[in-house]
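*Asks:* Could you have a look at this structure, given as structure tokens, before my questions?
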Amino acid sequence: MTPDLASVAHAARLLEQGKLVAIPTETVYGLAADADNPEAVANIFSAKGRPSTHPVIVHVARDADLSHWAVDIPPQAAYLIQAFWPGPLTLILKRAPKVSDSVTGGQDSVGLRCPSHPVAQALLKNFRGGQGGIAAPSANRFGRVSPTTAQHVIDEFGEPGIGPVAAVLDGGPCTVGIESTIVDLTRLDTHGPVLLRPGQISAQAIETVLGCALAQPDQAAPRVSGSLDAHYAPQTPLVLIASESVASTTAALQAKQRQVACLRITTDPHTCARDLYAQLRKLDQLGADVILVEQPPSHAEWQGINDRLRRAAFDSTGVLQRLLA
Ligand code: TXA
Ligand code: MG
């Protein structure tokens with residue numbers, strides 16, 4: 001989608017004034033504020049209902065000066081940036097001292113990402129002369145499904161200018177559809193590179209660039225709210241179910257007069273990720289008793305999708321037994 005330069009410039013001015021603006025990225029829409037303005041960043045947390053100890057990602061232009069945000073940047077960061085920026089990869093680096101605690105959640109690290117969406121790129125060029133950072137978590141209420149269209153953002157926060165969001169920059173539907181892959185490079189000496197959140201850029205692609213295996217998150221890993229067990233969840237209970245059991249389970253539920261919404265996985269992982277959140281939102285609106293989701297394949301390229309579905313299903317343990325009783 002070609003950026004509309006007037007709306008991009010308007011959004012950049014609003015951000016510079018400390019307002020919140022919803023912005024498109026290739027992954028999901030973000031709820032954005034000037035990362036150098038702690039009050040503006042604090043407003044993101046209150047709008048989302050998110051605990052203030054959770055850090056937010058800072059979005060930067062491709063040629064931004066990273067030393068404004070991070071110190072001791074290891075060569076591994078340069079390799080990954082070279083391979084995957086702009087794109088859906090967030091790097092966790094050691095924070096520079098002047099980065100606001102509102103951005104880092106008071107941790108010693110900062111998350112940086114250069115999005116590839118043309119509208120996000122145009123905004124980053126226009127905002128603070130191309131040298132600013134835009135703090136943006138996903139533009140949804142805490143724990144809920146991330147938005148992948150401008151309308152989803154309006155469904156979450158109300159019309160721009162009336163609720164907490166001053167403007168929604170429309171960049172069309174997101175093409176990736178699930179949040180960025182997050183790699184922690186702050187503890188290379190002791191833990192190596194750590195995969196904090198899987199996404200479209202696969203662990204394997206990252207391992208190929210780095211020439212070593214990625215570790216899984218541990219207790220001491222920087223906090224990632226997307227890694228809470230329950231997250232990305234619709235209001236309707238969501239249950240993952242093996243392909244061969246979808247039809248029989250649906251029939252059994254219907255025999256008990258239960259309303260069943262069903263999501264079949266019929267496509268490749270990229271198409272599935274692109275459409276996943278829009279489909280979950282649509283199914284959530286049916287007011288069914290349960291959303292049955294066919295368990296996707298388990299191979300590597302489905303890792304991001306399986307991760308999100310597992311978290312979306314986390315609070316639904318025991319739901320089927322209850323509905324079938
Ligand atoms: O694709 C994405 O990453 C989207 C778009 C808008 O860029 N953003 C996104 O933001 O998903 P959010 O806040 O919903 O998830 C970002 C994750 C959070 O789980 C947060 O805890 C983690 O990144 N994160 C941010 N800064 C971090 C830091 N310094 N250390 C550890 N984790 C960090
Ligand atoms: Mg989120």
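Convention: chains lettered A, B, ... in structure tokens order; per-chain residue numbering from 1; ligands numbered from 1 as shown.
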Please identify the residues whose atoms come within 8 Å of ligand 1, using only C-alpha atoms and all ligand atoms, and report them as an NGL selection string.
*Replies:* :A and (23-31 or 54-59 or 88-90 or 92-93 or 95 or 103-105 or 107-113 or 115 or 136-139 or 146 or 178-182 or 184 or 196-197 or 221-227)
*Asks:* In range 1-184 of chain A, what's helix (DSSP H, G or I) per DSSP? Answer as a PyMOL selection string?
*Replies:* chain A and resi 5-16+38-48+66-68+75-84+101-104+118-130+150-157
*Asks:* Any chance you can output those residues with C-alpha atoms as a PDB file, in the first residue's frame?
*Replies:*
```pdb
ATOM      1  CA  LEU A   5       2.013  11.465   2.633  1.00  0.00           C
ATOM      2  CA  ALA A   6      -0.424  13.974   4.160  1.00  0.00           C
ATOM      3  CA  SER A   7      -1.725  11.451   6.730  1.00  0.00           C
ATOM      4  CA  VAL A   8       1.803  10.223   7.424  1.00  0.00           C
ATOM      5  CA  ALA A   9       2.992  13.786   8.108  1.00  0.00           C
ATOM      6  CA  HIS A  10      -0.082  14.451  10.266  1.00  0.00           C
ATOM      7  CA  ALA A  11       0.619  11.269  12.287  1.00  0.00           C
ATOM      8  CA  ALA A  12       4.278  12.258  12.709  1.00  0.00           C
ATOM      9  CA  ARG A  13       3.278  15.696  14.062  1.00  0.00           C
ATOM     10  CA  LEU A  14       0.777  14.119  16.491  1.00  0.00           C
ATOM     11  CA  LEU A  15       3.499  11.756  17.775  1.00  0.00           C
ATOM     12  CA  GLU A  16       5.918  14.659  18.180  1.00  0.00           C
ATOM     13  CA  PRO A  38       7.959   9.052  28.916  1.00  0.00           C
ATOM     14  CA  GLU A  39       4.480  10.551  29.530  1.00  0.00           C
ATOM     15  CA  ALA A  40       3.384   9.640  26.024  1.00  0.00           C
ATOM     16  CA  VAL A  41       4.714   6.088  26.486  1.00  0.00           C
ATOM     17  CA  ALA A  42       2.920   5.859  29.852  1.00  0.00           C
ATOM     18  CA  ASN A  43      -0.328   6.671  28.023  1.00  0.00           C
ATOM     19  CA  ILE A  44       0.145   3.562  25.855  1.00  0.00           C
ATOM     20  CA  PHE A  45       0.133   1.431  29.010  1.00  0.00           C
ATOM     21  CA  SER A  46      -3.014   3.008  30.426  1.00  0.00           C
ATOM     22  CA  ALA A  47      -4.822   2.767  27.068  1.00  0.00           C
ATOM     23  CA  LYS A  48      -3.958  -0.937  26.778  1.00  0.00           C
ATOM     24  CA  LEU A  66      21.268   2.570  17.233  1.00  0.00           C
ATOM     25  CA  SER A  67      23.766   3.927  19.759  1.00  0.00           C
ATOM     26  CA  HIS A  68      20.987   6.312  20.892  1.00  0.00           C
ATOM     27  CA  PRO A  75      28.439  -8.231  15.855  1.00  0.00           C
ATOM     28  CA  GLN A  76      25.582 -10.772  15.874  1.00  0.00           C
ATOM     29  CA  ALA A  77      23.147  -7.828  15.866  1.00  0.00           C
ATOM     30  CA  ALA A  78      24.764  -6.445  12.721  1.00  0.00           C
ATOM     31  CA  TYR A  79      24.487  -9.842  10.974  1.00  0.00           C
ATOM     32  CA  LEU A  80      20.794 -10.171  11.828  1.00  0.00           C
ATOM     33  CA  ILE A  81      20.059  -6.556  10.872  1.00  0.00           C
ATOM     34  CA  GLN A  82      21.836  -7.069   7.572  1.00  0.00           C
ATOM     35  CA  ALA A  83      19.824 -10.228   6.883  1.00  0.00           C
ATOM     36  CA  PHE A  84      16.354  -9.298   8.171  1.00  0.00           C
ATOM     37  CA  ASP A 101      12.302   3.291  31.986  1.00  0.00           C
ATOM     38  CA  SER A 102       8.809   3.587  30.542  1.00  0.00           C
ATOM     39  CA  VAL A 103      10.169   1.931  27.368  1.00  0.00           C
ATOM     40  CA  THR A 104      12.329  -0.726  29.018  1.00  0.00           C
ATOM     41  CA  PRO A 118       5.893   1.186   3.537  1.00  0.00           C
ATOM     42  CA  VAL A 119       3.628   3.371   5.691  1.00  0.00           C
ATOM     43  CA  ALA A 120       5.675   2.632   8.833  1.00  0.00           C
ATOM     44  CA  GLN A 121       8.858   3.362   6.878  1.00  0.00           C
ATOM     45  CA  ALA A 122       7.466   6.670   5.597  1.00  0.00           C
ATOM     46  CA  LEU A 123       6.380   7.591   9.133  1.00  0.00           C
ATOM     47  CA  LEU A 124       9.799   6.789  10.617  1.00  0.00           C
ATOM     48  CA  LYS A 125      11.476   8.972   7.950  1.00  0.00           C
ATOM     49  CA  ASN A 126       9.091  11.868   8.645  1.00  0.00           C
ATOM     50  CA  PHE A 127       9.123  11.630  12.463  1.00  0.00           C
ATOM     51  CA  ARG A 128      11.848  13.662  14.230  1.00  0.00           C
ATOM     52  CA  GLY A 129      13.873  13.971  11.051  1.00  0.00           C
ATOM     53  CA  GLY A 130      14.250  10.190  10.696  1.00  0.00           C
ATOM     54  CA  ALA A 150      -7.296  -0.298  10.978  1.00  0.00           C
ATOM     55  CA  GLN A 151     -10.889  -1.326  11.742  1.00  0.00           C
ATOM     56  CA  HIS A 152      -9.663  -3.843  14.354  1.00  0.00           C
ATOM     57  CA  VAL A 153      -7.894  -0.963  16.138  1.00  0.00           C
ATOM     58  CA  ILE A 154     -11.095   1.110  16.115  1.00  0.00           C
ATOM     59  CA  ASP A 155     -12.976  -1.936  17.461  1.00  0.00           C
ATOM     60  CA  GLU A 156     -10.475  -2.031  20.372  1.00  0.00           C
ATOM     61  CA  PHE A 157     -10.162   1.664  21.259  1.00  0.00           C
TER      62      PHE A 157
END
```
*Asks:* Of the residues A:Ala96, A:Leu20, A:Val194, A:Leu240, which is the one nearest to Asp218 in chain A, using only C-alpha atoms?
*Replies:*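 Among the listed residues, A:Val194 lies closest to Asp218 in chain A.
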*Asks:* From the list A:Ala205, A:Ala213, A:Ala233, A:Val21, which residue is nearest ligand 2 when using only C-alpha atoms and all ligand atoms?
*Replies:* A:Ala233
*Asks:* Find the residues around range 278-293 of chain A up to 9 Å (only C-alpha atoms counted), leave out those fewer than 3 positions away in its own chain, and share them as a ChimeraX atom specification.
*Replies:* /A:145-149,152,177,233-243,246,249-250,258-265,274-275,296,309,319-320,323
*Asks:* Have a look at A:Arg141, A:Ala135, A:Ala61, A:Gly318 and name the one nearest to Gly158 in chain A; count only C-alpha atoms.
*Replies:*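 Nearest to Gly158 in chain A: A:Arg141.
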*Asks:* Near Leu324 in chain A, within 8 Å and counting only C-alpha atoms, which residues show up once chain neighbours fewer than 6 positions away are dropped, as JSON, numbers by chain?
*Replies:* {"A": [252, 253, 256]}
*Asks:* When DSSP is applied to the backbone of this structure, which of range 85-278 of chain A are assigned strand (DSSP E)? Write them out as JSON, numbers by chain.
*Replies:* {"A": [89, 90, 91, 92, 93, 94, 95, 109, 110, 111, 112, 113, 134, 135, 167, 168, 181, 182, 183, 184, 194, 195, 196, 197, 238, 239, 240, 241, 260, 261, 262, 263]}
